[in-house]
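coords15.txt (compact mmCIF, C-alpha atoms and all ligand atoms)
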```
# COMPACT_ATOMS: atom_id res chain seq x y z
CA GLN A 993 108.68 187.71 80.01
CA ASN A 994 104.98 186.97 80.13
CA GLU A 995 102.99 186.28 83.26
CA ALA A 996 102.91 182.51 82.77
CA THR A 997 106.73 182.32 82.76
CA ASN A 998 106.91 184.44 85.88
CA SER A 999 104.49 182.32 87.91
CA LYS A 1000 105.70 178.97 86.48
CA PRO A 1001 109.44 179.53 86.07
CA LEU A 1002 110.13 175.78 86.16
CA SER A 1003 107.66 174.74 83.45
CA GLY A 1004 109.28 172.24 81.10
CA LYS A 1005 111.81 171.24 83.77
CA SER A 1006 112.08 167.72 85.17
CA VAL A 1007 113.09 167.41 88.80
CA LEU A 1008 114.18 164.39 90.83
CA VAL A 1009 113.61 164.69 94.60
CA THR A 1010 114.43 162.16 97.33
CA ALA A 1011 112.67 162.16 100.70
CA GLY A 1012 112.29 160.29 103.94
CA PRO A 1013 114.42 157.69 105.70
CA THR A 1014 115.60 154.35 104.38
CA TYR A 1015 115.02 151.10 106.23
CA GLU A 1016 117.79 148.51 106.18
CA ALA A 1017 116.57 145.00 106.92
CA ILE A 1018 118.19 142.98 109.72
CA ASP A 1019 115.83 140.01 109.53
CA PRO A 1020 112.22 139.49 108.33
CA VAL A 1021 110.79 141.56 111.21
CA ARG A 1022 113.47 144.16 112.03
CA PHE A 1023 115.32 147.02 110.39
CA ILE A 1024 117.73 149.90 111.02
CA GLY A 1025 116.05 153.24 110.34
CA ASN A 1026 116.07 156.89 111.40
CA HIS A 1027 113.63 159.60 112.49
CA SER A 1028 113.28 161.37 109.12
CA SER A 1029 109.57 162.10 108.53
CA GLY A 1030 109.79 162.87 104.81
CA LYS A 1031 108.15 166.28 105.42
CA MET A 1032 111.02 168.35 104.03
CA GLY A 1033 111.29 166.39 100.77
CA PHE A 1034 107.54 166.34 100.20
CA ALA A 1035 107.38 170.11 100.83
CA ILE A 1036 110.20 170.69 98.32
CA ALA A 1037 108.46 168.50 95.73
CA ALA A 1038 105.24 170.51 96.19
CA GLN A 1039 106.99 173.89 95.90
CA LEU A 1040 108.81 172.82 92.72
CA ALA A 1041 105.57 171.45 91.25
CA ASN A 1042 103.83 174.76 92.11
CA ARG A 1043 106.49 176.53 90.04
CA GLY A 1044 105.67 174.36 87.02
CA ALA A 1045 108.17 171.49 87.32
CA LYS A 1046 107.40 167.85 86.58
CA VAL A 1047 108.59 166.07 89.73
CA MET A 1048 109.74 162.50 90.28
CA LEU A 1049 109.68 161.92 94.04
CA VAL A 1050 111.64 158.91 95.28
CA THR A 1051 110.68 158.35 98.90
CA GLY A 1052 111.51 156.00 101.72
CA PRO A 1053 108.81 154.88 104.18
CA THR A 1054 106.71 157.89 105.25
CA ALA A 1055 103.19 158.83 106.32
CA GLU A 1056 103.27 161.88 104.00
CA LYS A 1057 100.71 162.13 101.20
CA LEU A 1058 100.90 163.84 97.82
CA LEU A 1059 98.52 166.58 96.83
CA HIS A 1060 99.85 167.53 93.41
CA SER A 1061 99.05 166.04 90.01
CA SER A 1062 102.47 166.80 88.50
CA ILE A 1063 104.35 164.80 91.12
CA GLU A 1064 105.00 161.14 90.39
CA ARG A 1065 105.89 159.10 93.47
CA ILE A 1066 108.19 156.08 93.63
CA ASP A 1067 108.20 154.25 96.97
CA VAL A 1068 111.40 152.55 98.03
CA VAL A 1069 112.56 150.97 101.29
CA SER A 1070 116.34 150.53 101.37
CA ALA A 1071 119.31 152.70 100.37
CA GLN A 1072 120.04 150.25 97.52
CA GLU A 1073 116.48 150.60 96.18
CA MET A 1074 116.71 154.40 96.43
CA LEU A 1075 120.03 154.32 94.53
CA ASN A 1076 118.53 152.19 91.75
CA ALA A 1077 115.52 154.50 91.37
CA CYS A 1078 117.71 157.64 91.34
CA VAL A 1079 120.26 156.33 88.86
CA GLY A 1080 117.40 155.31 86.57
CA HIS A 1081 115.86 158.80 86.58
CA PHE A 1082 118.88 161.10 86.90
CA SER A 1083 119.82 161.40 83.22
CA SER A 1084 116.39 162.81 82.31
CA ALA A 1085 116.34 165.27 85.25
CA ASP A 1086 117.30 168.94 84.89
CA ILE A 1087 117.37 169.44 88.65
CA CYS A 1088 117.96 166.97 91.45
CA VAL A 1089 117.31 167.61 95.17
CA MET A 1090 118.45 164.87 97.56
CA SER A 1091 116.74 165.46 100.89
CA ALA A 1092 116.45 161.82 101.96
CA ALA A 1093 118.12 160.66 105.18
CA VAL A 1094 119.82 157.68 103.56
CA ALA A 1095 121.29 155.05 105.91
CA ASP A 1096 125.10 155.19 105.86
CA TYR A 1097 125.40 151.50 106.80
CA THR A 1098 123.33 148.42 106.10
CA PRO A 1099 123.58 144.89 107.58
CA LEU A 1100 126.24 142.81 105.81
CA THR A 1101 123.77 139.94 105.60
CA VAL A 1102 120.02 139.76 106.17
CA ALA A 1103 118.97 136.81 108.33
CA SER A 1104 116.36 134.72 106.55
CA GLN A 1105 114.65 133.83 109.82
CA LYS A 1106 113.81 135.99 112.83
CA ILE A 1107 116.95 136.23 114.97
CA LYS A 1108 116.41 134.61 118.38
CA LYS A 1109 117.81 136.27 121.51
CA GLN A 1110 120.76 134.46 123.04
CA GLU A 1111 123.76 136.21 124.64
CA ASP A 1112 123.55 139.41 126.72
CA THR A 1113 125.34 141.38 124.05
CA PHE A 1114 124.86 141.06 120.32
CA CYS A 1115 126.63 142.60 117.30
CA ILE A 1116 125.41 143.10 113.76
CA ASP A 1117 128.08 143.53 111.07
CA LEU A 1118 127.35 146.52 108.85
CA LYS A 1119 128.71 147.62 105.49
CA LYS A 1120 128.69 151.11 103.96
CA THR A 1121 125.86 151.97 101.59
CA THR A 1122 126.57 153.68 98.28
CA ASP A 1123 126.51 157.49 98.54
CA ILE A 1124 123.70 158.22 96.08
CA LEU A 1125 124.44 161.94 95.88
CA LYS A 1126 128.12 161.32 95.19
CA VAL A 1127 127.32 158.83 92.42
CA LEU A 1128 124.99 161.37 90.77
CA GLY A 1129 127.63 164.11 91.19
CA GLU A 1130 130.15 161.99 89.30
CA SER A 1131 127.89 161.71 86.23
CA LYS A 1132 126.42 165.23 86.42
CA LYS A 1133 126.31 167.14 83.14
CA SER A 1134 127.03 170.89 82.99
CA ASP A 1135 123.36 171.76 82.42
CA GLN A 1136 122.12 169.79 85.46
CA LEU A 1137 121.67 171.26 88.94
CA LEU A 1138 122.48 168.97 91.87
CA ILE A 1139 121.41 169.97 95.37
CA GLY A 1140 122.18 168.13 98.58
CA PHE A 1141 121.62 168.48 102.30
CA ALA A 1142 124.08 168.31 105.17
CA LEU A 1143 123.08 167.41 108.69
CA GLU A 1144 125.83 168.47 111.08
CA THR A 1145 126.23 168.95 114.81
CA GLN A 1146 129.77 170.41 114.78
CA ASN A 1147 132.00 172.37 112.35
CA GLU A 1148 128.76 172.83 110.47
CA GLU A 1149 129.76 175.19 107.67
CA GLN A 1150 133.14 173.63 106.95
CA ASN A 1151 131.66 170.13 106.87
CA ALA A 1152 128.90 171.35 104.55
CA ILE A 1153 131.44 172.96 102.20
CA ASP A 1154 133.47 169.72 102.20
CA LYS A 1155 130.33 167.78 101.18
CA LEU A 1156 129.49 170.37 98.48
CA ARG A 1157 132.91 169.82 96.90
CA LYS A 1158 133.26 166.07 97.46
CA LYS A 1159 129.85 165.38 95.89
CA ASN A 1160 130.18 167.96 93.06
CA LEU A 1161 127.08 169.92 94.13
CA ASP A 1162 125.72 173.26 92.95
CA LEU A 1163 124.07 173.99 96.29
CA ILE A 1164 124.09 172.50 99.77
CA ILE A 1165 121.42 173.06 102.41
CA LEU A 1166 122.91 172.91 105.89
CA ASN A 1167 120.39 171.74 108.45
CA SER A 1168 121.07 173.00 111.95
CA LEU A 1169 119.93 170.54 114.58
CA ASN A 1170 121.49 172.71 117.28
CA ASP A 1171 118.81 175.38 117.13
CA SER A 1172 115.79 174.49 119.20
CA GLY A 1173 112.72 174.07 117.05
CA ALA A 1174 114.54 172.61 114.08
CA GLY A 1175 114.75 169.01 113.14
CA PHE A 1176 113.55 165.65 112.11
CA LYS A 1177 110.09 165.20 113.56
CA LEU A 1178 109.14 168.87 113.72
CA ASP A 1179 107.37 171.07 111.19
CA THR A 1180 110.11 173.70 111.35
CA ASN A 1181 113.66 173.91 110.08
CA LYS A 1182 116.66 176.26 110.29
CA ILE A 1183 118.89 176.22 107.23
CA THR A 1184 121.96 177.85 105.71
CA MET A 1185 122.44 177.65 101.94
CA ILE A 1186 125.93 177.51 100.46
CA ASP A 1187 126.34 177.52 96.68
CA SER A 1188 129.32 176.40 94.61
CA SER A 1189 130.82 179.90 94.62
CA LEU A 1190 130.65 179.61 98.45
CA GLN A 1191 128.04 182.35 98.69
CA LYS A 1192 126.32 181.76 102.01
CA THR A 1193 122.77 182.68 103.06
CA ILE A 1194 121.54 182.12 106.61
CA PHE A 1195 117.78 181.75 107.08
CA ASP A 1196 115.58 182.16 110.17
CA LEU A 1197 113.72 179.28 111.80
CA LYS A 1198 110.74 178.69 109.51
CA SER A 1199 108.04 176.15 108.72
CA LYS A 1200 109.19 173.37 106.41
CA ASP A 1201 106.82 174.72 103.72
CA GLU A 1202 108.49 178.14 103.93
CA VAL A 1203 111.96 176.55 103.89
CA ALA A 1204 110.92 174.54 100.80
CA ALA A 1205 109.76 177.78 99.12
CA ASP A 1206 113.15 179.39 99.86
CA ILE A 1207 114.92 176.38 98.33
CA ALA A 1208 112.68 176.45 95.24
CA ASP A 1209 113.30 180.21 94.82
CA LYS A 1210 117.07 179.65 95.05
CA ILE A 1211 116.85 176.88 92.42
CA VAL A 1212 115.00 179.27 90.08
CA ALA A 1213 117.71 181.88 90.69
CA LEU A 1214 120.51 179.37 89.96
CA LEU A 1215 119.02 178.26 86.61
N1 LIG B 1301 123.30 160.92 100.87
C1 LIG B 1301 123.07 160.04 99.83
N2 LIG B 1301 123.39 158.72 99.96
C2 LIG B 1301 123.95 158.25 101.10
C3 LIG B 1301 124.20 159.14 102.17
C4 LIG B 1301 123.85 160.47 102.02
O1 LIG B 1301 122.56 160.47 98.78
N3 LIG B 1301 124.24 156.95 101.18
C5 LIG B 1301 122.95 162.35 100.68
C6 LIG B 1301 121.82 162.87 101.55
O2 LIG B 1301 120.59 162.74 100.91
C7 LIG B 1301 122.21 164.33 101.72
C8 LIG B 1301 123.72 164.32 101.63
O3 LIG B 1301 124.09 163.08 101.01
O4 LIG B 1301 121.71 165.13 100.66
C9 LIG B 1301 124.46 164.47 102.92
O5 LIG B 1301 124.03 163.52 103.85
P1 LIG B 1301 124.72 163.49 105.28
O6 LIG B 1301 124.20 162.32 106.05
O7 LIG B 1301 124.63 164.86 105.89
O8 LIG B 1301 126.27 163.29 104.90
P2 LIG B 1301 127.15 162.02 104.60
O9 LIG B 1301 127.85 162.29 103.32
O10 LIG B 1301 126.35 160.76 104.70
O11 LIG B 1301 128.25 162.07 105.75
P3 LIG B 1301 128.07 161.89 107.36
O12 LIG B 1301 126.73 161.27 107.64
O13 LIG B 1301 129.23 161.05 107.77
O14 LIG B 1301 128.16 163.31 107.91
CA CA B 1302 125.00 160.25 106.50
```

Output the file's structure in the form of structure tokens.
Ligand code: CTP
Ligand code: CA
Amino acid sequence: QNEATNSKPLSGKSVLVTAGPTYEAIDPVRFIGNHSSGKMGFAIAAQLANRGAKVMLVTGPTAEKLLHSSIERIDVVSAQEMLNACVGHFSSADICVMSAAVADYTPLTVASQKIKKQEDTFCIDLKKTTDILKVLGESKKSDQLLIGFALETQNEEQNAIDKLRKKNLDLIILNSLNDSGAGFKLDTNKITMIDSSLQKTIFDLKSKDEVAADIADKIVALL
């Protein structure tokens, strides 16, 4: 192998990455969201681009900015918009990393006018969103790599393995919220990787850039 292949092991590869939260509209001025910053997904996109990949980054609302010319960014707001963008780009992707914190439920209807306050208690009916990762797993071809995340607070490893199987993944990144210093708004993360042969690797608490480098290295190793 020449030097160029060693430093750019993903050259010629197309990667689809999702990042950030989704916002699910309640009415024209309100939404249901979550605390995902988008940092992890943007860091993964950068690490994959550094290794030579052409990256399509589908992101929910975030303050993160791109610094790489081989990353194309598609901004979406809702889980449905993220699904549409991912389905449209999946067939041309060699590798897919879904790090977005997609809403599991969305309002059944969106009020066309701002909802006025009335009673002391108030309910919003919600319906399940489509599981984007599961949909992609169902149409995955044998030469595609599909990587997902699992955010768990109990039975972490078993739940992650269940997700790996249910969604037909090649690798799952278990995010441990239990460890102090890891999580949504921080710049650090503590992960465990489990691949489809159930080989498990536990990593130390690291910066999100270092975690993204570990994930990119594992992807190169899996190819
Ligand atoms: N995911 C997705 N579409 C959804 C929900 C989740 O693509 N509608 C993806 C996430 O991007 C992540 C993985 O599925 O890569 C796991 O997300 P997580 O929230 O941990 O698991 P869920 O399957 O949603 O199950 P639960 O929240 O009940 O644990
Ligand atoms: Ca979820």

Can I get the residues of chain A within 9 Å of ligand LIG 1301 (chain B), each with the closest pair of atoms and their distance in Å to one decimal, using all atoms listed in the file, sorted chain first then ascending number, as CSV?
```
residue,atom,partner,partner_atom,distance
A:Thr1010,CA,B:LIG1301,O2,7.1
A:Ala1011,CA,B:LIG1301,O2,7.9
A:Ala1071,CA,B:LIG1301,N3,6.6
A:Gln1072,CA,B:LIG1301,N3,8.7
A:Met1074,CA,B:LIG1301,N2,8.7
A:Leu1075,CA,B:LIG1301,N2,7.8
A:Val1089,CA,B:LIG1301,O4,7.5
A:Met1090,CA,B:LIG1301,O4,4.5
A:Ser1091,CA,B:LIG1301,O2,4.7
A:Ala1092,CA,B:LIG1301,O2,4.4
A:Ala1093,CA,B:LIG1301,O2,5.4
A:Val1094,CA,B:LIG1301,C3,4.8
A:Ala1095,CA,B:LIG1301,N3,5.9
A:Asp1096,CA,B:LIG1301,N3,5.1
A:Tyr1097,CA,B:LIG1301,N3,7.9
A:Lys1120,CA,B:LIG1301,N3,7.9
A:Thr1121,CA,B:LIG1301,N3,5.3
A:Thr1122,CA,B:LIG1301,N3,5.0
A:Asp1123,CA,B:LIG1301,N3,3.5
A:Ile1124,CA,B:LIG1301,O1,3.7
A:Leu1125,CA,B:LIG1301,O1,3.8
A:Lys1126,CA,B:LIG1301,O1,6.7
A:Val1127,CA,B:LIG1301,O1,8.1
A:Leu1128,CA,B:LIG1301,O1,8.4
A:Ile1139,CA,B:LIG1301,O4,7.2
A:Gly1140,CA,B:LIG1301,O4,3.7
A:Phe1141,CA,B:LIG1301,O4,3.7
A:Ala1142,CA,B:LIG1301,O7,3.6
A:Leu1143,CA,B:LIG1301,O7,4.1
A:Glu1144,CA,B:LIG1301,O7,6.4
A:Asn1151,CA,B:LIG1301,O14,7.7
A:Ala1152,CA,B:LIG1301,O7,7.9
A:Lys1155,CA,B:LIG1301,O9,6.4
A:Leu1156,CA,B:LIG1301,C8,8.9
A:Lys1158,CA,B:LIG1301,O9,8.8
A:Lys1159,CA,B:LIG1301,O3,8.0
A:Ile1164,CA,B:LIG1301,O4,7.8
A:Ile1165,CA,B:LIG1301,O4,8.1
A:Leu1166,CA,B:LIG1301,O7,8.2
A:Asn1167,CA,B:LIG1301,O7,8.5
```

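Each of A:Gly1044, A:Gly1033, A:Gly1129, A:Pro1001 was checked against Ser1083 (chain A) using only C-alpha atoms; the smallest atom-to-atom distance is that of A:Gly1129.
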
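Compared by their closest atoms to Gln1039 (chain A), and using all atoms listed in the file, the residues A:Ile1194, A:Leu1059, A:Leu1215, A:Ala1085 rank with A:Leu1059 nearest.
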
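Closest approach to Thr1098 (chain A) from the set A:Gly1030, A:Gly1025, A:Gly1080, A:Pro1013 is made by A:Gly1025, with distances taken over all atoms listed in the file.
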
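Using only C-alpha atoms, the contacts of Glu1064 (chain A) at a cut-off of 8 Å, with sequence neighbours closer than 3 positions omitted, comprise A:Val1047, A:Met1048, A:Leu1049, A:Ser1061.
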
Using only C-alpha atoms and all ligand atoms: which of A:Thr1193, A:Asn1026, A:Asn1147, A:Ser1134 has the shortest distance to ligand CA 1302 (chain B): A:Asn1026

Quote the spacing between CA of Glu1149 (chain A) and CA of Ile1186 (chain A) in Å to one decimal place. 8.5 Å

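Taking CA of Leu1190 (chain A) and CA of Ile1153 (chain A) as the two end points, the separation is 7.7 Å.
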
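Comparing A:Arg1022, A:Lys1192, A:His1060, A:Lys1210 by their smallest distance to Lys1106 (chain A), the closest is A:Arg1022 (using all atoms listed in the file).
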
Contacts of Val1021 (chain A) at 9 Å or less, counting all atoms listed in the file, minus same-chain residues fewer than 3 places along, as a PyMOL selection string? chain A and resi 1017-1018+1105-1107

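Those residues that approach Ser1029 (chain A) to within 9 Å, counting all atoms listed in the file, are Ala1011, Gly1012, Pro1013, Asn1026, Met1032, Pro1053, Thr1054, Ala1055, Glu1056, Phe1176, Lys1177 and Leu1178 of chain A; same-chain residues fewer than 3 positions away are not listed.
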
Would you save the residues from that selection as a short mmCIF file (atom, residue, chain, number, x, y, z; two decimals), keeping the file's coordinate frame, using C-alpha atoms?
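Output file selection-v1.cif is given in full below:
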```cif
data_model
loop_
_atom_site.label_atom_id
_atom_site.label_comp_id
_atom_site.auth_asym_id
_atom_site.auth_seq_id
_atom_site.Cartn_x
_atom_site.Cartn_y
_atom_site.Cartn_z
CA ALA A 1011 112.67 162.16 100.70
CA GLY A 1012 112.29 160.29 103.94
CA PRO A 1013 114.42 157.69 105.70
CA ASN A 1026 116.07 156.89 111.40
CA MET A 1032 111.02 168.35 104.03
CA PRO A 1053 108.81 154.88 104.18
CA THR A 1054 106.71 157.89 105.25
CA ALA A 1055 103.19 158.83 106.32
CA GLU A 1056 103.27 161.88 104.00
CA PHE A 1176 113.55 165.65 112.11
CA LYS A 1177 110.09 165.20 113.56
CA LEU A 1178 109.14 168.87 113.72
#
```

Hey, can you check how far CA of Asn1181 (chain A) sits from CA of Lys1198 (chain A)? 5.6 Å

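When all atoms listed in the file are used to compute distances to ligand CA 1302 (chain B), the closest of the residues A:Thr1014, A:Glu1130, A:Asp1209, A:Val1102 turns out to be A:Thr1014.
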